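Undergrad: I have a structure here, written as structure tokens, and I will follow up with some questions on it.
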Amino acid sequence: MSGSIVLNWLASTPDFAVPYALAALGLIISERAGVLSLGAEGLMLVGALAGIGAQIAIGQPAVSLVLAMLAASMVSVLFAVMVIWLRVNQVIAGLALVFFCQGLTALVGSMADWTNHATEGIGAMGLWPLSMLPGVGRLFEQNAMVWLTLPIFGAVAWFFTRTSTGLRLRAVGENPQAADAAGIRVTAWRFAAVLAGSALVGLAGAYISVVSTKLWIAGMTGGRGWIAVGLVIFARWSPWKALAGAVLFGCIEALIPQLAAAGVQLPQYFVMMTPYAVTLGVMVWVALSRRGADEEPGALGQPYVREERR
């Protein structure tokens, strides 16, 4: 019985880890360009609502996920205009975006009567021949988004380190003055990074509603966007480290229902606070170890004011 519980736990971990991974990756793209993004929780809610709305109307999960990405990017335009062009404080703008999206999604979801409307999601896909292995084969039976997450991370990591475009984006986040002097349009690059990163954050939210739970409930992201913000710091803005951290948080979240199934009685509020307690512990560890300071984008959170050339 204990072996079955462990197997179920490991098999369900990717489903819990994918939203953290995609949201963290989206934040890394934005913050590598120097824009501090604290609005992940709100953008995930927008993606979750747009995804389930499209799924109810169209019934095509792939199309629903793409439309969710577009919806999150459209909402992020408001944030980008505030922090890049109007140079509003990025912390305040990010928090305002979260509250705006929470109210907007709750309103639209109730008016459209999408709450608790069950839909068909994406079925499991076996990774042959590993899925045929006796006993552990079910570990390799996951939905398509789980399998797509790895190449997405590989593509972004390659983009940052192996392409001139990725190096330009990183230069904008490290030293925008030098990047501008080199002919790089800082404002345009930051704007594009915010939109691209927000699309992945919206995809993370849509995964929860379209693929995982297959329904919409107001506030259903449950603070995962805030955990993704801490995960980025833990990963030191590295995509692969963010993926490893997402798996860690996925393991923790997946363990809770398995313990309940095994008859382990845990206080409800203790269970609810566990992911956030782990996040706080990670943040304290990063602060005390002094690690990652040299890997933080040099201009993160700093608005860029172009000096007039004479």
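Quick note on naming: the chains in the structure tokens go A, B, ... in the order shown, residues restart at 1 in each chain, and ligands are numbered from 1 in order of appearance.
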Against stretch 1-15 of chain A, which residues of stretch 91-141 of chain A fall within 9 Å? For each one I want the closest pair of atoms and the distance in Å (one decimal), counting only C-alpha atoms, rows by chain and increasing residue number, as a tab-separated table.
TA:
residue	atom	partner	partner_atom	distance
A:Gly135	CA	A:Leu7	CA	8.5
A:Val136	CA	A:Leu7	CA	7.3
A:Arg138	CA	A:Ala11	CA	6.6
A:Leu139	CA	A:Ala11	CA	4.6
A:Phe140	CA	A:Ala11	CA	7.7
A:Glu141	CA	A:Ala11	CA	7.9
Undergrad: Could you write those residues out with all heavy atoms, as a PDB file, in the first residue's frame?
TA:
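This went into out-v8.pdb:
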ATOM      1  N   GLY A 135       4.692  -1.599 -13.366  1.00  0.00           N
ATOM      2  CA  GLY A 135       4.793  -0.891 -12.090  1.00  0.00           C
ATOM      3  C   GLY A 135       4.957   0.599 -12.240  1.00  0.00           C
ATOM      4  O   GLY A 135       4.095   1.384 -11.840  1.00  0.00           O
ATOM      5  N   VAL A 136       6.066   1.038 -12.835  1.00  0.00           N
ATOM      6  CA  VAL A 136       6.379   2.464 -12.907  1.00  0.00           C
ATOM      7  C   VAL A 136       5.907   3.092 -14.219  1.00  0.00           C
ATOM      8  O   VAL A 136       6.151   4.283 -14.453  1.00  0.00           O
ATOM      9  CB  VAL A 136       7.901   2.694 -12.745  1.00  0.00           C
ATOM     10  CG1 VAL A 136       8.373   2.224 -11.386  1.00  0.00           C
ATOM     11  CG2 VAL A 136       8.664   1.997 -13.860  1.00  0.00           C
ATOM     12  N   ARG A 138       3.079   4.089 -15.226  1.00  0.00           N
ATOM     13  CA  ARG A 138       2.120   5.191 -15.112  1.00  0.00           C
ATOM     14  C   ARG A 138       2.806   6.527 -14.833  1.00  0.00           C
ATOM     15  O   ARG A 138       2.204   7.580 -15.033  1.00  0.00           O
ATOM     16  CB  ARG A 138       1.101   4.900 -14.021  1.00  0.00           C
ATOM     17  CG  ARG A 138       1.661   4.807 -12.625  1.00  0.00           C
ATOM     18  CD  ARG A 138       0.540   4.844 -11.617  1.00  0.00           C
ATOM     19  NE  ARG A 138      -0.261   6.052 -11.791  1.00  0.00           N
ATOM     20  CZ  ARG A 138      -1.263   6.380 -10.989  1.00  0.00           C
ATOM     21  NH1 ARG A 138      -1.603   5.570 -10.012  1.00  0.00           N
ATOM     22  NH2 ARG A 138      -1.930   7.488 -11.168  1.00  0.00           N
ATOM     23  N   LEU A 139       4.063   6.499 -14.406  1.00  0.00           N
ATOM     24  CA  LEU A 139       4.800   7.750 -14.233  1.00  0.00           C
ATOM     25  C   LEU A 139       4.984   8.473 -15.561  1.00  0.00           C
ATOM     26  O   LEU A 139       5.161   9.698 -15.583  1.00  0.00           O
ATOM     27  CB  LEU A 139       6.172   7.469 -13.607  1.00  0.00           C
ATOM     28  CG  LEU A 139       6.197   6.872 -12.207  1.00  0.00           C
ATOM     29  CD1 LEU A 139       7.623   6.596 -11.765  1.00  0.00           C
ATOM     30  CD2 LEU A 139       5.511   7.790 -11.206  1.00  0.00           C
ATOM     31  N   PHE A 140       4.953   7.745 -16.648  1.00  0.00           N
ATOM     32  CA  PHE A 140       5.183   8.310 -17.969  1.00  0.00           C
ATOM     33  C   PHE A 140       3.883   8.472 -18.756  1.00  0.00           C
ATOM     34  O   PHE A 140       3.915   8.613 -19.973  1.00  0.00           O
ATOM     35  CB  PHE A 140       6.166   7.427 -18.739  1.00  0.00           C
ATOM     36  CG  PHE A 140       7.479   7.252 -18.031  1.00  0.00           C
ATOM     37  CD1 PHE A 140       7.711   6.126 -17.249  1.00  0.00           C
ATOM     38  CD2 PHE A 140       8.455   8.221 -18.113  1.00  0.00           C
ATOM     39  CE1 PHE A 140       8.919   5.961 -16.590  1.00  0.00           C
ATOM     40  CE2 PHE A 140       9.665   8.073 -17.454  1.00  0.00           C
ATOM     41  CZ  PHE A 140       9.896   6.940 -16.682  1.00  0.00           C
ATOM     42  N   GLU A 141       2.767   8.468 -18.054  1.00  0.00           N
ATOM     43  CA  GLU A 141       1.470   8.738 -18.654  1.00  0.00           C
ATOM     44  C   GLU A 141       0.978  10.101 -18.147  1.00  0.00           C
ATOM     45  O   GLU A 141       0.412  10.201 -17.065  1.00  0.00           O
ATOM     46  CB  GLU A 141       0.460   7.638 -18.314  1.00  0.00           C
ATOM     47  CG  GLU A 141       0.808   6.278 -18.909  1.00  0.00           C
ATOM     48  CD  GLU A 141      -0.212   5.213 -18.569  1.00  0.00           C
ATOM     49  OE1 GLU A 141      -1.162   5.539 -17.814  1.00  0.00           O
ATOM     50  OE2 GLU A 141      -0.059   4.079 -19.028  1.00  0.00           O
TER      51      GLU A 141
END
Undergrad: So that I can see what lies close to A:Leu150, please list as a PyMOL selection string the residues with an atom at most 10 Å from it, counting only C-alpha atoms and leaving out residues fewer than 3 positions away in the same chain.
TA: chain A and resi 18+21+145-147+153-155+240+243
Undergrad: Would you mind writing down, as JSON, numbers by chain, each residue of stretch 32-263 of chain A that DSSP on the backbone assigns to strand (DSSP E or B)?
TA: {"A": [115, 124, 125, 126, 141, 142, 143, 216]}
Undergrad: From the list A:Gly53, A:Gly197, A:Gly59, A:Gly42, which residue is nearest A:Leu97 when using only C-alpha atoms?
TA: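 Checking each of A:Gly53, A:Gly197, A:Gly59, A:Gly42 against A:Leu97, counting only C-alpha atoms, the winner is A:Gly42.
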Undergrad: Give me, as a PyMOL selection string, all polymer residues having an atom no more than 7 Å from A:Gly51, counting only C-alpha atoms and skipping those fewer than 6 positions away in the same chain.
TA: chain A and resi 64-65+67-68+206+209-210
Undergrad: Export, as a PDB file, in the first residue's frame, the selected residues with N, CA and C atoms.
TA:
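Saved as out_4.pdb:
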ATOM      1  N   SER A  64      -8.047  26.817 -26.807  1.00  0.00           N
ATOM      2  CA  SER A  64      -8.354  27.494 -25.543  1.00  0.00           C
ATOM      3  C   SER A  64      -7.089  27.969 -24.852  1.00  0.00           C
ATOM      4  N   LEU A  65      -6.050  27.155 -24.876  1.00  0.00           N
ATOM      5  CA  LEU A  65      -4.796  27.541 -24.237  1.00  0.00           C
ATOM      6  C   LEU A  65      -4.150  28.720 -24.964  1.00  0.00           C
ATOM      7  N   LEU A  67      -5.724  31.035 -26.757  1.00  0.00           N
ATOM      8  CA  LEU A  67      -6.528  32.227 -26.485  1.00  0.00           C
ATOM      9  C   LEU A  67      -6.288  32.749 -25.073  1.00  0.00           C
ATOM     10  N   ALA A  68      -6.040  31.845 -24.134  1.00  0.00           N
ATOM     11  CA  ALA A  68      -5.716  32.272 -22.772  1.00  0.00           C
ATOM     12  C   ALA A  68      -4.402  33.045 -22.739  1.00  0.00           C
ATOM     13  N   ALA A 206      -4.283  28.920 -17.436  1.00  0.00           N
ATOM     14  CA  ALA A 206      -5.184  28.122 -18.266  1.00  0.00           C
ATOM     15  C   ALA A 206      -4.961  26.631 -18.053  1.00  0.00           C
ATOM     16  N   SER A 209      -7.221  25.565 -15.160  1.00  0.00           N
ATOM     17  CA  SER A 209      -8.657  25.490 -15.416  1.00  0.00           C
ATOM     18  C   SER A 209      -9.013  24.531 -16.543  1.00  0.00           C
ATOM     19  N   VAL A 210      -8.221  24.499 -17.609  1.00  0.00           N
ATOM     20  CA  VAL A 210      -8.566  23.710 -18.791  1.00  0.00           C
ATOM     21  C   VAL A 210      -8.062  22.273 -18.692  1.00  0.00           C
TER      22      VAL A 210
END
Undergrad: With only C-alpha atoms as the basis for distance, which of A:Leu167, A:Leu231, A:Ala96, A:Ala242 is at the shortest distance from A:Gly281?
TA: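 That would be A:Leu231, the residue with the smallest distance to A:Gly281.
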Undergrad: Would you give me, as JSON, numbers by chain, the residues in stretch 226-293 of chain A that DSSP reads as helix (DSSP H, G or I)?
TA: {"A": [226, 227, 228, 229, 230, 231, 232, 233, 234, 235, 239, 240, 241, 242, 243, 244, 245, 246, 247, 248, 249, 250, 251, 252, 253, 254, 255, 256, 257, 258, 259, 260, 261, 268, 269, 270, 271, 272, 273, 274, 275, 276, 277, 278, 279, 280, 281, 282, 283, 284, 285, 286, 287, 288, 289, 293]}
Undergrad: Could the residues in this selection be saved with C-alpha atoms as an mmCIF file, in the first residue's frame?
TA:
data_model
loop_
_atom_site.group_PDB
_atom_site.id
_atom_site.type_symbol
_atom_site.label_atom_id
_atom_site.label_comp_id
_atom_site.auth_asym_id
_atom_site.auth_seq_id
_atom_site.Cartn_x
_atom_site.Cartn_y
_atom_site.Cartn_z
ATOM 1 C CA TRP A 226 2.886 34.561 -5.555
ATOM 2 C CA ILE A 227 4.769 31.307 -5.083
ATOM 3 C CA ALA A 228 6.073 31.644 -8.655
ATOM 4 C CA VAL A 229 7.475 35.064 -7.744
ATOM 5 C CA GLY A 230 9.462 33.502 -4.900
ATOM 6 C CA LEU A 231 10.447 30.616 -7.141
ATOM 7 C CA VAL A 232 12.129 33.003 -9.583
ATOM 8 C CA ILE A 233 14.312 34.386 -6.785
ATOM 9 C CA PHE A 234 15.088 30.868 -5.594
ATOM 10 C CA ALA A 235 16.092 29.914 -9.152
ATOM 11 C CA PRO A 239 15.040 28.622 -16.392
ATOM 12 C CA TRP A 240 16.356 25.153 -15.510
ATOM 13 C CA LYS A 241 16.657 25.957 -11.810
ATOM 14 C CA ALA A 242 13.119 27.336 -11.931
ATOM 15 C CA LEU A 243 11.936 24.040 -13.413
ATOM 16 C CA ALA A 244 13.659 22.118 -10.624
ATOM 17 C CA GLY A 245 12.061 24.396 -8.030
ATOM 18 C CA ALA A 246 8.650 23.928 -9.654
ATOM 19 C CA VAL A 247 9.038 20.167 -9.356
ATOM 20 C CA LEU A 248 9.905 20.624 -5.664
ATOM 21 C CA PHE A 249 6.771 22.674 -5.016
ATOM 22 C CA GLY A 250 4.756 20.258 -7.139
ATOM 23 C CA CYS A 251 5.967 17.393 -4.953
ATOM 24 C CA ILE A 252 4.879 19.232 -1.826
ATOM 25 C CA GLU A 253 1.429 20.048 -3.183
ATOM 26 C CA ALA A 254 0.917 16.560 -4.618
ATOM 27 C CA LEU A 255 1.858 14.964 -1.315
ATOM 28 C CA ILE A 256 -1.032 16.550 0.587
ATOM 29 C CA PRO A 257 -3.905 14.596 -1.051
ATOM 30 C CA GLN A 258 -1.861 11.395 -0.902
ATOM 31 C CA LEU A 259 -1.415 11.770 2.845
ATOM 32 C CA ALA A 260 -5.146 12.353 3.206
ATOM 33 C CA ALA A 261 -5.843 9.207 1.142
ATOM 34 C CA GLN A 268 -6.852 22.030 7.300
ATOM 35 C CA TYR A 269 -5.146 25.375 7.822
ATOM 36 C CA PHE A 270 -1.767 23.708 8.257
ATOM 37 C CA VAL A 271 -2.245 22.068 4.875
ATOM 38 C CA MET A 272 -3.258 25.369 3.296
ATOM 39 C CA MET A 273 -0.223 27.229 4.617
ATOM 40 C CA THR A 274 2.377 24.573 3.742
ATOM 41 C CA PRO A 275 3.325 25.846 0.245
ATOM 42 C CA TYR A 276 3.643 29.405 1.525
ATOM 43 C CA ALA A 277 5.704 28.298 4.519
ATOM 44 C CA VAL A 278 8.079 26.540 2.154
ATOM 45 C CA THR A 279 8.241 29.688 0.007
ATOM 46 C CA LEU A 280 9.151 31.802 3.023
ATOM 47 C CA GLY A 281 11.795 29.268 4.019
ATOM 48 C CA VAL A 282 13.307 29.398 0.543
ATOM 49 C CA MET A 283 13.361 33.205 0.594
ATOM 50 C CA VAL A 284 15.095 33.237 3.991
ATOM 51 C CA TRP A 285 17.633 30.677 2.782
ATOM 52 C CA VAL A 286 18.431 32.752 -0.308
ATOM 53 C CA ALA A 287 18.814 35.909 1.791
ATOM 54 C CA LEU A 288 21.055 34.296 4.408
ATOM 55 C CA SER A 289 23.222 32.468 1.907
ATOM 56 C CA ALA A 293 22.843 38.590 -5.889
#
Undergrad: Excluding A:Ala62 and its own-chain neighbours fewer than 4 positions away, which residues fall within 12 Å of it when counting only C-alpha atoms? Please give them as a list of chain:residue names.
TA: A:Gly51, A:Ile52, A:Ala54, A:Gln55, A:Ile58, A:Val66, A:Leu67, A:Ala68, A:Met69, A:Glu120, A:Gly121, A:Ile122, A:Ala144, A:Met145, A:Leu148, A:Leu203, A:Ala206, A:Tyr207, A:Val210, A:Val211
Undergrad: Skipping near chain neighbours, those fewer than 4 positions away, what residues fall within 12 Å of A:Glu295 using only C-alpha atoms, listed as a ChimeraX atom specification?
TA: /A:28,31-32,170,173-174,232-238,290-291,299-300
Undergrad: Write out as number ranges by chain which residues come within 12 Å of A:Gln177 when counting only C-alpha atoms, dropping same-chain ones fewer than 5 positions away.
TA: A: 171-172, 182-187, 298-299, 302-308
Undergrad: With N, CA and C atoms retained, export the selected residues as an mmCIF file, in the first residue's frame.
TA:
data_model
loop_
_atom_site.group_PDB
_atom_site.id
_atom_site.type_symbol
_atom_site.label_atom_id
_atom_site.label_comp_id
_atom_site.auth_asym_id
_atom_site.auth_seq_id
_atom_site.Cartn_x
_atom_site.Cartn_y
_atom_site.Cartn_z
ATOM 1 N N ALA A 171 20.807 42.200 -22.114
ATOM 2 C CA ALA A 171 21.536 43.465 -22.001
ATOM 3 C C ALA A 171 20.607 44.591 -21.572
ATOM 4 N N VAL A 172 19.374 44.568 -22.067
ATOM 5 C CA VAL A 172 18.391 45.580 -21.672
ATOM 6 C C VAL A 172 18.124 45.511 -20.172
ATOM 7 N N ALA A 182 24.228 51.077 -27.741
ATOM 8 C CA ALA A 182 24.553 50.112 -28.785
ATOM 9 C C ALA A 182 23.468 50.033 -29.861
ATOM 10 N N GLY A 183 22.441 50.854 -29.741
ATOM 11 C CA GLY A 183 21.401 50.890 -30.755
ATOM 12 C C GLY A 183 20.210 49.999 -30.466
ATOM 13 N N ILE A 184 20.111 49.458 -29.246
ATOM 14 C CA ILE A 184 18.985 48.594 -28.874
ATOM 15 C C ILE A 184 17.863 49.472 -28.315
ATOM 16 N N ARG A 185 16.671 49.288 -28.826
ATOM 17 C CA ARG A 185 15.520 50.076 -28.355
ATOM 18 C C ARG A 185 15.012 49.478 -27.050
ATOM 19 N N VAL A 186 15.415 50.063 -25.942
ATOM 20 C CA VAL A 186 15.126 49.508 -24.619
ATOM 21 C C VAL A 186 13.633 49.406 -24.374
ATOM 22 N N THR A 187 12.901 50.450 -24.675
ATOM 23 C CA THR A 187 11.462 50.455 -24.410
ATOM 24 C C THR A 187 10.749 49.352 -25.187
ATOM 25 N N GLY A 298 20.785 43.496 -13.456
ATOM 26 C CA GLY A 298 21.304 44.709 -12.839
ATOM 27 C C GLY A 298 20.316 45.855 -12.766
ATOM 28 N N ALA A 299 19.419 45.947 -13.728
ATOM 29 C CA ALA A 299 18.457 47.062 -13.770
ATOM 30 C C ALA A 299 17.056 46.613 -13.412
ATOM 31 N N GLN A 302 14.065 48.990 -12.248
ATOM 32 C CA GLN A 302 14.462 50.379 -12.440
ATOM 33 C C GLN A 302 13.900 50.908 -13.761
ATOM 34 N N PRO A 303 13.128 51.991 -13.715
ATOM 35 C CA PRO A 303 12.618 52.562 -14.974
ATOM 36 C C PRO A 303 13.774 53.164 -15.761
ATOM 37 N N TYR A 304 13.630 53.125 -17.065
ATOM 38 C CA TYR A 304 14.691 53.666 -17.909
ATOM 39 C C TYR A 304 14.249 55.005 -18.488
ATOM 40 N N VAL A 305 15.082 56.007 -18.258
ATOM 41 C CA VAL A 305 14.842 57.344 -18.801
ATOM 42 C C VAL A 305 15.964 57.631 -19.777
ATOM 43 N N ARG A 306 15.608 57.739 -21.027
ATOM 44 C CA ARG A 306 16.623 57.958 -22.055
ATOM 45 C C ARG A 306 17.116 59.410 -22.012
ATOM 46 N N GLU A 307 18.433 59.541 -21.997
ATOM 47 C CA GLU A 307 19.002 60.871 -22.017
ATOM 48 C C GLU A 307 19.021 61.423 -23.441
ATOM 49 N N GLU A 308 18.682 62.667 -23.541
ATOM 50 C CA GLU A 308 18.675 63.304 -24.853
ATOM 51 C C GLU A 308 20.119 63.495 -25.343
#
Undergrad: How many Å separate atom CA of A:Ala124 from atom CA of A:Gly109?
TA: 27.7 Å
Undergrad: Would you mind reading off the distance between atom CA of A:Val98 and atom CA of A:Gly39, one decimal, in Å?
TA: 5.1 Å
Undergrad: Near A:Ile92, counting only C-alpha atoms, which residues have an atom at most 12 Å away, once you skip same-chain residues fewer than 6 positions from it, shown as a PyMOL selection string?
TA: chain A and resi 36-39+79+82-83+98-99+301
Undergrad: Restricted to all heavy atoms, what would the selected residues look like written as a PDB file, in the first residue's frame?
TA:
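Generated file (out29.pdb):
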ATOM      1  N   LEU A  36      10.217  44.273 -13.188  1.00  0.00           N
ATOM      2  CA  LEU A  36       9.806  43.480 -12.034  1.00  0.00           C
ATOM      3  C   LEU A  36       8.325  43.161 -12.156  1.00  0.00           C
ATOM      4  O   LEU A  36       7.487  44.060 -12.192  1.00  0.00           O
ATOM      5  CB  LEU A  36      10.078  44.246 -10.740  1.00  0.00           C
ATOM      6  CG  LEU A  36       9.681  43.547  -9.431  1.00  0.00           C
ATOM      7  CD1 LEU A  36      10.475  42.257  -9.248  1.00  0.00           C
ATOM      8  CD2 LEU A  36       9.888  44.480  -8.249  1.00  0.00           C
ATOM      9  N   SER A  37       7.993  41.882 -12.187  1.00  0.00           N
ATOM     10  CA  SER A  37       6.603  41.463 -12.420  1.00  0.00           C
ATOM     11  C   SER A  37       6.058  40.790 -11.168  1.00  0.00           C
ATOM     12  O   SER A  37       6.409  39.651 -10.867  1.00  0.00           O
ATOM     13  CB  SER A  37       6.525  40.498 -13.616  1.00  0.00           C
ATOM     14  OG  SER A  37       6.960  41.132 -14.796  1.00  0.00           O
ATOM     15  N   LEU A  38       5.190  41.504 -10.467  1.00  0.00           N
ATOM     16  CA  LEU A  38       4.526  40.938  -9.290  1.00  0.00           C
ATOM     17  C   LEU A  38       3.067  40.610  -9.578  1.00  0.00           C
ATOM     18  O   LEU A  38       2.341  40.234  -8.664  1.00  0.00           O
ATOM     19  CB  LEU A  38       4.607  41.924  -8.123  1.00  0.00           C
ATOM     20  CG  LEU A  38       6.015  42.277  -7.628  1.00  0.00           C
ATOM     21  CD1 LEU A  38       5.928  43.230  -6.450  1.00  0.00           C
ATOM     22  CD2 LEU A  38       6.793  41.034  -7.239  1.00  0.00           C
ATOM     23  N   GLY A  39       2.655  40.743 -10.818  1.00  0.00           N
ATOM     24  CA  GLY A  39       1.247  40.537 -11.155  1.00  0.00           C
ATOM     25  C   GLY A  39       0.918  39.145 -11.633  1.00  0.00           C
ATOM     26  O   GLY A  39      -0.132  38.941 -12.257  1.00  0.00           O
ATOM     27  N   PHE A  79      -0.253  47.003 -17.799  1.00  0.00           N
ATOM     28  CA  PHE A  79       0.887  47.026 -16.886  1.00  0.00           C
ATOM     29  C   PHE A  79       2.126  47.566 -17.592  1.00  0.00           C
ATOM     30  O   PHE A  79       2.870  48.387 -17.037  1.00  0.00           O
ATOM     31  CB  PHE A  79       1.140  45.610 -16.359  1.00  0.00           C
ATOM     32  CG  PHE A  79       2.405  45.463 -15.567  1.00  0.00           C
ATOM     33  CD1 PHE A  79       2.490  45.945 -14.278  1.00  0.00           C
ATOM     34  CD2 PHE A  79       3.522  44.821 -16.113  1.00  0.00           C
ATOM     35  CE1 PHE A  79       3.659  45.806 -13.542  1.00  0.00           C
ATOM     36  CE2 PHE A  79       4.679  44.675 -15.391  1.00  0.00           C
ATOM     37  CZ  PHE A  79       4.755  45.171 -14.103  1.00  0.00           C
ATOM     38  N   MET A  82       2.049  51.316 -18.012  1.00  0.00           N
ATOM     39  CA  MET A  82       2.256  52.020 -16.747  1.00  0.00           C
ATOM     40  C   MET A  82       3.728  52.053 -16.343  1.00  0.00           C
ATOM     41  O   MET A  82       4.258  53.096 -15.956  1.00  0.00           O
ATOM     42  CB  MET A  82       1.413  51.380 -15.642  1.00  0.00           C
ATOM     43  CG  MET A  82      -0.071  51.642 -15.746  1.00  0.00           C
ATOM     44  SD  MET A  82      -0.956  51.180 -14.234  1.00  0.00           S
ATOM     45  CE  MET A  82      -0.631  49.416 -14.163  1.00  0.00           C
ATOM     46  N   VAL A  83       4.405  50.892 -16.420  1.00  0.00           N
ATOM     47  CA  VAL A  83       5.760  50.825 -15.859  1.00  0.00           C
ATOM     48  C   VAL A  83       6.848  51.193 -16.858  1.00  0.00           C
ATOM     49  O   VAL A  83       7.928  51.651 -16.460  1.00  0.00           O
ATOM     50  CB  VAL A  83       6.034  49.417 -15.285  1.00  0.00           C
ATOM     51  CG1 VAL A  83       5.028  49.081 -14.203  1.00  0.00           C
ATOM     52  CG2 VAL A  83       6.030  48.356 -16.383  1.00  0.00           C
ATOM     53  N   VAL A  98      -2.790  42.788  -9.863  1.00  0.00           N
ATOM     54  CA  VAL A  98      -3.364  41.593  -9.226  1.00  0.00           C
ATOM     55  C   VAL A  98      -4.785  41.869  -8.758  1.00  0.00           C
ATOM     56  O   VAL A  98      -5.714  41.092  -9.039  1.00  0.00           O
ATOM     57  CB  VAL A  98      -2.490  41.133  -8.039  1.00  0.00           C
ATOM     58  CG1 VAL A  98      -3.192  40.018  -7.258  1.00  0.00           C
ATOM     59  CG2 VAL A  98      -1.141  40.640  -8.539  1.00  0.00           C
ATOM     60  N   PHE A  99      -4.972  42.977  -8.039  1.00  0.00           N
ATOM     61  CA  PHE A  99      -6.307  43.293  -7.511  1.00  0.00           C
ATOM     62  C   PHE A  99      -7.293  43.555  -8.643  1.00  0.00           C
ATOM     63  O   PHE A  99      -8.465  43.169  -8.565  1.00  0.00           O
ATOM     64  CB  PHE A  99      -6.228  44.492  -6.574  1.00  0.00           C
ATOM     65  CG  PHE A  99      -5.372  44.243  -5.364  1.00  0.00           C
ATOM     66  CD1 PHE A  99      -4.443  45.175  -4.938  1.00  0.00           C
ATOM     67  CD2 PHE A  99      -5.482  43.055  -4.656  1.00  0.00           C
ATOM     68  CE1 PHE A  99      -3.652  44.945  -3.826  1.00  0.00           C
ATOM     69  CE2 PHE A  99      -4.698  42.817  -3.541  1.00  0.00           C
ATOM     70  CZ  PHE A  99      -3.776  43.762  -3.117  1.00  0.00           C
ATOM     71  N   GLY A 301      13.628  46.305 -11.981  1.00  0.00           N
ATOM     72  CA  GLY A 301      12.756  47.212 -11.241  1.00  0.00           C
ATOM     73  C   GLY A 301      13.060  48.679 -11.434  1.00  0.00           C
ATOM     74  O   GLY A 301      12.382  49.535 -10.858  1.00  0.00           O
TER      75      GLY A 301
END
Undergrad: Measuring atom to atom with only C-alpha atoms, identify which of A:Ile208, A:Leu130, A:Ile84, A:Leu266 is nearest to A:Pro19.
TA: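 Between A:Ile208, A:Leu130, A:Ile84, A:Leu266, the residue approaching A:Pro19 most closely is A:Ile208.
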